[in-house]
Amino acid sequence: MFTTRELQDKILKLKKEKDVCILAHAYQSHDILEVADYVGDSYGLSELAQKAPQKTLLMCGVRFMAETAKILSPEKTVLLSHPQAGCPMAELLSVEELRELKKQNPDHTVVAYINTTAELKGECDVCVTSASALQIVKNLPSEKVLFIPDPNLGQWVKNQVPEKSFRFIEGGCPIHTKITAEEVQEAKALHPKALLLVHPECRPEVTAAADYAGSTTGILKYVKNSPAEEFIIGTENSIVQHLQFDYPEKKFYPLSKTCICNDMKLTTLTEVYNCLLGRGGEEILLPETLRKNAQRAIDAMLEYGK
Ligand code: 13P
Ligand code: SF4
């Protein structure tokens with residue numbers, strides 16, 4: 001049995017010996033962030049996956065993030081920290097359903113949130129992340145957008161790009177869509193001085209009530225640059241914990257007690273340790289045709305997102 005510190009030291013030593021870059025999404029627990037080479041949102045992680053000099057990438061996050069890393073870095077070994085860590089939203093739509101939607105909307109540019117499977121990405125024109133969606137949709141030459149699979153992120157973009165028309169599907173993140181307007185009212189009543197910062201995966205009525213909406217990294221940056229002392233955080237509750245670590249003198253309140261992504265929480269420090277020892281996680285392997293198809297949409301994202 002090891003203490004957290006002992007396990008972290010073993011991980012730090014192993015990742016150096018084995019030339020592994022640990023990438024951690026900001027929804028991972030704090031003990032994992034401390035051993036990561038890079039912590040970020042989906043956009044940052046996809047950029048870093050390409051730039052990392054190490055031969056192996058260990059993605060502490062969910063499957064679509066590890067797939068994205070493999071799509072961009074086929075020559076690297078990419079490991080997903082826990083084989084069952086998926087994102088329910090990424091699997092919302094089947095390839096057949098998307099093909100049918102494309103048939104019905106032949107003049108629309110298909111914009112896919114990066115929270116999609118590699119197969120779906122292969123059928124889309126461009127990927128976006130919460131950090132890049134607004135800029136990319138604005139930059140697209142097309143005026144008609146079929147936005148999959150998150151209607152809430154799509155609506156948030158639509159509100160800021162009124163000159164374009166949008167089609168959405170039903171669904172969204174099962175965790176963020178649980179947050180209600182009543183919870184917003186309650187949190188604001190309890191903490192009247194606090195600013196409300198939310199992820200655009202929240203429902204439109206929640207996002208509309210926020211002082212700021214943005215990606216996980218966007219929320220962290222907003223706090224860094226804000227003189228405010230109190231914040232209500234409307235995204236996965238690990239962000240509340242990280243912010244409290246970074247700014248012990250400020251106060252952070254979760255908007256909802258239920259905003260916890262169980263898929264993100266499957267990865268523990270022990271999982272990371274076992275992955276490095278070759279007895280855990282899963283190596284991501286993608287057929288080359290599928291990978292190349294998906295790469296087109298991610299390359300377009302990195303190009304339009306510049
Ligand atoms: P980010 O793009 O902010 O990393 O969000 C990914 C995600 O899954 C949020 O639920
Ligand atoms: Fe997917 Fe929602 Fe979890 Fe993000 S918080 S990984 S969108 S289920």
# chains A, B, ... in the order shown; residues from 1 in each chain; ligands from 1
$ residues_near_ligand --ligand "ligand 1" --cutoff "7 Å" --atoms "only C-alpha atoms and all ligand atoms" --output "list in words"
His25, Gly40, Asp41, Ser42, Tyr43, Asn115, Thr129, Ser130, Ala131, Cys173, His199, Glu201, Ser215, Thr216 and Thr217 of chain A
$ write_last_selection --atoms "all heavy atoms" --output "mmCIF file, in the first residue's frame"
data_model
loop_
_atom_site.group_PDB
_atom_site.id
_atom_site.type_symbol
_atom_site.label_atom_id
_atom_site.label_comp_id
_atom_site.auth_asym_id
_atom_site.auth_seq_id
_atom_site.Cartn_x
_atom_site.Cartn_y
_atom_site.Cartn_z
ATOM 1 N N HIS A 25 -7.273 15.842 -18.651
ATOM 2 C CA HIS A 25 -8.359 16.819 -18.799
ATOM 3 C C HIS A 25 -8.599 17.465 -17.438
ATOM 4 O O HIS A 25 -8.394 16.831 -16.386
ATOM 5 C CB HIS A 25 -9.641 16.148 -19.313
ATOM 6 C CG HIS A 25 -10.699 17.145 -19.648
ATOM 7 N ND1 HIS A 25 -11.664 17.519 -18.735
ATOM 8 C CD2 HIS A 25 -10.913 17.882 -20.765
ATOM 9 C CE1 HIS A 25 -12.442 18.449 -19.307
ATOM 10 N NE2 HIS A 25 -12.014 18.677 -20.529
ATOM 11 N N GLY A 40 -5.548 20.474 -19.448
ATOM 12 C CA GLY A 40 -6.258 21.436 -20.293
ATOM 13 C C GLY A 40 -7.655 21.013 -20.652
ATOM 14 O O GLY A 40 -8.172 20.005 -20.152
ATOM 15 N N ASP A 41 -8.266 21.825 -21.531
ATOM 16 C CA ASP A 41 -9.585 21.472 -22.065
ATOM 17 C C ASP A 41 -9.380 20.647 -23.333
ATOM 18 O O ASP A 41 -8.242 20.375 -23.737
ATOM 19 C CB ASP A 41 -10.425 22.736 -22.314
ATOM 20 C CG ASP A 41 -9.784 23.700 -23.301
ATOM 21 O OD1 ASP A 41 -8.823 23.304 -23.994
ATOM 22 O OD2 ASP A 41 -10.236 24.854 -23.374
ATOM 23 N N SER A 42 -10.473 20.265 -23.968
ATOM 24 C CA SER A 42 -10.366 19.366 -25.126
ATOM 25 C C SER A 42 -9.499 19.974 -26.229
ATOM 26 O O SER A 42 -8.749 19.278 -26.890
ATOM 27 C CB SER A 42 -11.740 19.079 -25.706
ATOM 28 O OG SER A 42 -12.595 18.649 -24.714
ATOM 29 N N TYR A 43 -9.626 21.275 -26.442
ATOM 30 C CA TYR A 43 -8.861 21.930 -27.505
ATOM 31 C C TYR A 43 -7.365 21.904 -27.186
ATOM 32 O O TYR A 43 -6.545 21.490 -27.998
ATOM 33 C CB TYR A 43 -9.330 23.374 -27.705
ATOM 34 C CG TYR A 43 -8.773 23.979 -28.972
ATOM 35 C CD1 TYR A 43 -9.361 23.691 -30.197
ATOM 36 C CD2 TYR A 43 -7.656 24.806 -28.954
ATOM 37 C CE1 TYR A 43 -8.845 24.202 -31.383
ATOM 38 C CE2 TYR A 43 -7.136 25.324 -30.130
ATOM 39 C CZ TYR A 43 -7.735 25.025 -31.335
ATOM 40 O OH TYR A 43 -7.222 25.532 -32.503
ATOM 41 N N ASN A 115 -16.657 16.059 -28.871
ATOM 42 C CA ASN A 115 -17.234 14.947 -28.093
ATOM 43 C C ASN A 115 -18.062 14.065 -29.039
ATOM 44 O O ASN A 115 -19.286 13.996 -28.963
ATOM 45 C CB ASN A 115 -18.157 15.467 -26.984
ATOM 46 C CG ASN A 115 -17.450 16.319 -25.962
ATOM 47 O OD1 ASN A 115 -16.600 17.135 -26.313
ATOM 48 N ND2 ASN A 115 -17.808 16.160 -24.700
ATOM 49 N N THR A 129 -14.459 22.560 -30.482
ATOM 50 C CA THR A 129 -14.513 22.290 -29.050
ATOM 51 C C THR A 129 -15.259 23.467 -28.428
ATOM 52 O O THR A 129 -15.535 24.467 -29.118
ATOM 53 C CB THR A 129 -13.097 22.206 -28.434
ATOM 54 O OG1 THR A 129 -12.528 23.514 -28.505
ATOM 55 C CG2 THR A 129 -12.219 21.218 -29.155
ATOM 56 N N SER A 130 -15.521 23.371 -27.131
ATOM 57 C CA SER A 130 -16.244 24.487 -26.497
ATOM 58 C C SER A 130 -15.404 25.770 -26.565
ATOM 59 O O SER A 130 -15.939 26.870 -26.655
ATOM 60 C CB SER A 130 -16.607 24.140 -25.050
ATOM 61 O OG SER A 130 -15.456 23.761 -24.345
ATOM 62 N N ALA A 131 -14.057 25.608 -26.563
ATOM 63 C CA ALA A 131 -13.195 26.799 -26.597
ATOM 64 C C ALA A 131 -13.114 27.418 -27.986
ATOM 65 O O ALA A 131 -12.809 28.599 -28.126
ATOM 66 C CB ALA A 131 -11.787 26.420 -26.122
ATOM 67 N N CYS A 173 -25.103 16.861 -23.004
ATOM 68 C CA CYS A 173 -24.374 16.171 -21.936
ATOM 69 C C CYS A 173 -25.337 15.832 -20.801
ATOM 70 O O CYS A 173 -25.981 16.731 -20.252
ATOM 71 C CB CYS A 173 -23.246 17.070 -21.417
ATOM 72 S SG CYS A 173 -22.643 16.538 -19.804
ATOM 73 N N HIS A 199 -20.287 26.243 -18.088
ATOM 74 C CA HIS A 199 -19.857 25.631 -19.343
ATOM 75 C C HIS A 199 -21.028 25.725 -20.325
ATOM 76 O O HIS A 199 -22.184 25.547 -19.922
ATOM 77 C CB HIS A 199 -19.488 24.163 -19.084
ATOM 78 C CG HIS A 199 -18.671 23.554 -20.174
ATOM 79 N ND1 HIS A 199 -19.222 23.141 -21.360
ATOM 80 C CD2 HIS A 199 -17.334 23.309 -20.267
ATOM 81 C CE1 HIS A 199 -18.261 22.655 -22.137
ATOM 82 N NE2 HIS A 199 -17.103 22.741 -21.497
ATOM 83 N N GLU A 201 -22.199 23.721 -22.262
ATOM 84 C CA GLU A 201 -23.017 22.505 -22.366
ATOM 85 C C GLU A 201 -24.259 22.603 -21.484
ATOM 86 O O GLU A 201 -25.141 21.753 -21.546
ATOM 87 C CB GLU A 201 -22.199 21.277 -21.948
ATOM 88 C CG GLU A 201 -21.204 20.840 -22.986
ATOM 89 C CD GLU A 201 -20.334 19.680 -22.530
ATOM 90 O OE1 GLU A 201 -20.651 19.048 -21.494
ATOM 91 O OE2 GLU A 201 -19.320 19.408 -23.192
ATOM 92 N N SER A 215 -15.223 27.270 -22.008
ATOM 93 C CA SER A 215 -14.664 25.930 -21.796
ATOM 94 C C SER A 215 -14.107 25.818 -20.374
ATOM 95 O O SER A 215 -13.984 26.823 -19.658
ATOM 96 C CB SER A 215 -13.543 25.678 -22.802
ATOM 97 O OG SER A 215 -12.387 26.411 -22.427
ATOM 98 N N THR A 216 -13.695 24.626 -20.025
ATOM 99 C CA THR A 216 -13.141 24.419 -18.681
ATOM 100 C C THR A 216 -11.917 25.316 -18.457
ATOM 101 O O THR A 216 -11.799 25.972 -17.425
ATOM 102 C CB THR A 216 -12.772 22.929 -18.495
ATOM 103 O OG1 THR A 216 -12.091 22.477 -19.659
ATOM 104 C CG2 THR A 216 -13.998 22.095 -18.315
ATOM 105 N N THR A 217 -11.046 25.373 -19.479
ATOM 106 C CA THR A 217 -9.875 26.248 -19.358
ATOM 107 C C THR A 217 -10.299 27.714 -19.332
ATOM 108 O O THR A 217 -9.708 28.527 -18.615
ATOM 109 C CB THR A 217 -8.900 25.995 -20.533
ATOM 110 O OG1 THR A 217 -8.546 24.613 -20.515
ATOM 111 C CG2 THR A 217 -7.649 26.830 -20.407
#
$ residues_around --residues "segment 239-253 of chain A" --least-positions-apart "2" --cutoff "10 Å" --atoms "only C-alpha atoms" --output "VMD selection string"
chain A and resid 26 to 30 33 187 190 to 191 194 to 196 216 to 217 219 to 220 223 to 224 227 to 237 255 to 257
$ select_by_dssp --residues "segment 109-304 of chain A" --states "strand (DSSP E or B)" --output "number ranges by chain"
A: 109-113, 126-128, 144-148, 165-168, 195-198, 212-213, 230-234, 251-254, 282-283
$ residues_around --residues "segment 271-283 of chain A" --least-positions-apart "3" --cutoff "6 Å" --atoms "only C-alpha atoms" --output "VMD selection string"
chain A and resid 11 78 to 83 267 to 268
$ atom_distance --atom1 "atom CA of Leu58 of chain A" --atom2 "atom CA of Glu303 of chain A"
25.0 Å
$ closest_residue --among "A:His176, A:Arg296, A:Lys18, A:Lys306" --to "Cys127 of chain A" --atoms "only C-alpha atoms"
A:Arg296
$ residues_near_ligand --ligand "ligand 2" --cutoff "6 Å" --atoms "only C-alpha atoms and all ligand atoms" --output "PyMOL selection string"
chain A and resi 87-89+173-175+261
$ residues_around --residues "Val161 of chain A" --least-positions-apart "3" --cutoff "10 Å" --atoms "only C-alpha atoms" --output "JSON, numbers by chain"
{"A": [134, 135, 137, 138, 143, 155, 156, 157, 158, 164, 165, 166]}
$ atom_distance --atom1 "atom CA of Lys121 of chain A" --atom2 "atom CA of Pro200 of chain A"
20.6 Å
$ closest_residue --among "A:Asp125, A:Glu100, A:Asp263, A:Glu205" --to "Ala294 of chain A" --atoms "only C-alpha atoms"
A:Asp125
$ closest_residue --among "A:Ala300, A:Leu266, A:Ala49, A:Ile179" --to "Gly86 of chain A" --atoms "only C-alpha atoms"
A:Leu266
$ select_by_dssp --residues "segment 51-200 of chain A" --states "alpha helix (DSSP H)" --output "PyMOL selection string"
chain A and resi 51+63-72+95-104+118-121+133-139+151-160+181-190
$ atom_distance --atom1 "atom CA of Tyr304 of chain A" --atom2 "atom CA of Asn139 of chain A"
6.5 Å
$ decode --residues "segment 109-120 of chain A" --atoms "all heavy atoms" --output "short mmCIF file (atom, residue, chain, number, x, y, z; two decimals), in the first residue's frame"
data_model
loop_
_atom_site.label_atom_id
_atom_site.label_comp_id
_atom_site.auth_asym_id
_atom_site.auth_seq_id
_atom_site.Cartn_x
_atom_site.Cartn_y
_atom_site.Cartn_z
N THR A 109 -23.23 22.71 -43.73
CA THR A 109 -21.89 22.27 -43.31
C THR A 109 -22.06 21.52 -41.98
O THR A 109 -22.73 22.01 -41.06
CB THR A 109 -20.96 23.49 -43.10
OG1 THR A 109 -20.79 24.12 -44.37
CG2 THR A 109 -19.61 23.09 -42.55
N VAL A 110 -21.47 20.32 -41.92
CA VAL A 110 -21.65 19.52 -40.69
C VAL A 110 -20.53 19.84 -39.71
O VAL A 110 -19.35 19.59 -39.96
CB VAL A 110 -21.67 18.01 -41.01
CG1 VAL A 110 -22.00 17.22 -39.74
CG2 VAL A 110 -22.70 17.71 -42.09
N VAL A 111 -20.94 20.43 -38.59
CA VAL A 111 -20.00 20.83 -37.54
C VAL A 111 -20.18 19.86 -36.37
O VAL A 111 -21.28 19.74 -35.83
CB VAL A 111 -20.28 22.28 -37.08
CG1 VAL A 111 -19.38 22.66 -35.91
CG2 VAL A 111 -20.09 23.25 -38.24
N ALA A 112 -19.10 19.18 -36.02
CA ALA A 112 -19.20 18.19 -34.92
C ALA A 112 -18.43 18.67 -33.71
O ALA A 112 -17.23 19.00 -33.82
CB ALA A 112 -18.64 16.86 -35.37
N TYR A 113 -19.11 18.70 -32.58
CA TYR A 113 -18.41 18.91 -31.31
C TYR A 113 -17.39 17.79 -31.20
O TYR A 113 -17.66 16.65 -31.63
CB TYR A 113 -19.45 18.83 -30.19
CG TYR A 113 -19.00 19.28 -28.82
CD1 TYR A 113 -17.91 20.10 -28.62
CD2 TYR A 113 -19.73 18.89 -27.69
CE1 TYR A 113 -17.53 20.52 -27.36
CE2 TYR A 113 -19.38 19.30 -26.42
CZ TYR A 113 -18.27 20.10 -26.26
OH TYR A 113 -17.91 20.51 -25.01
N ILE A 114 -16.25 18.08 -30.63
CA ILE A 114 -15.18 17.07 -30.55
C ILE A 114 -15.61 15.86 -29.70
O ILE A 114 -15.05 14.77 -29.81
CB ILE A 114 -13.86 17.70 -30.05
CG1 ILE A 114 -12.69 16.83 -30.48
CG2 ILE A 114 -13.92 17.99 -28.56
CD1 ILE A 114 -11.37 17.54 -30.53
N ASN A 115 -16.66 16.06 -28.87
CA ASN A 115 -17.23 14.95 -28.09
C ASN A 115 -18.06 14.07 -29.04
O ASN A 115 -19.29 14.00 -28.96
CB ASN A 115 -18.16 15.47 -26.98
CG ASN A 115 -17.45 16.32 -25.96
OD1 ASN A 115 -16.60 17.14 -26.31
ND2 ASN A 115 -17.81 16.16 -24.70
N THR A 116 -17.37 13.41 -29.98
CA THR A 116 -17.99 12.46 -30.91
C THR A 116 -17.01 11.32 -31.12
O THR A 116 -15.80 11.48 -30.90
CB THR A 116 -18.24 13.12 -32.29
OG1 THR A 116 -17.12 13.95 -32.62
CG2 THR A 116 -19.50 13.94 -32.36
N THR A 117 -17.52 10.19 -31.61
CA THR A 117 -16.63 9.06 -31.89
C THR A 117 -15.79 9.38 -33.13
O THR A 117 -16.16 10.26 -33.93
CB THR A 117 -17.46 7.79 -32.20
OG1 THR A 117 -18.30 8.08 -33.32
CG2 THR A 117 -18.31 7.37 -31.01
N ALA A 118 -14.71 8.64 -33.33
CA ALA A 118 -13.86 8.84 -34.52
C ALA A 118 -14.68 8.57 -35.78
O ALA A 118 -14.50 9.26 -36.80
CB ALA A 118 -12.65 7.91 -34.45
N GLU A 119 -15.59 7.60 -35.74
CA GLU A 119 -16.42 7.27 -36.91
C GLU A 119 -17.26 8.49 -37.31
O GLU A 119 -17.38 8.82 -38.47
CB GLU A 119 -17.37 6.10 -36.61
CG GLU A 119 -16.70 4.74 -36.59
CD GLU A 119 -16.08 4.43 -35.24
OE1 GLU A 119 -16.07 5.31 -34.34
OE2 GLU A 119 -15.55 3.31 -35.08
N LEU A 120 -17.87 9.14 -36.32
CA LEU A 120 -18.71 10.32 -36.61
C LEU A 120 -17.86 11.47 -37.16
O LEU A 120 -18.26 12.15 -38.09
CB LEU A 120 -19.45 10.78 -35.35
CG LEU A 120 -20.70 9.99 -34.96
CD1 LEU A 120 -21.23 10.46 -33.62
CD2 LEU A 120 -21.80 10.13 -36.01
#
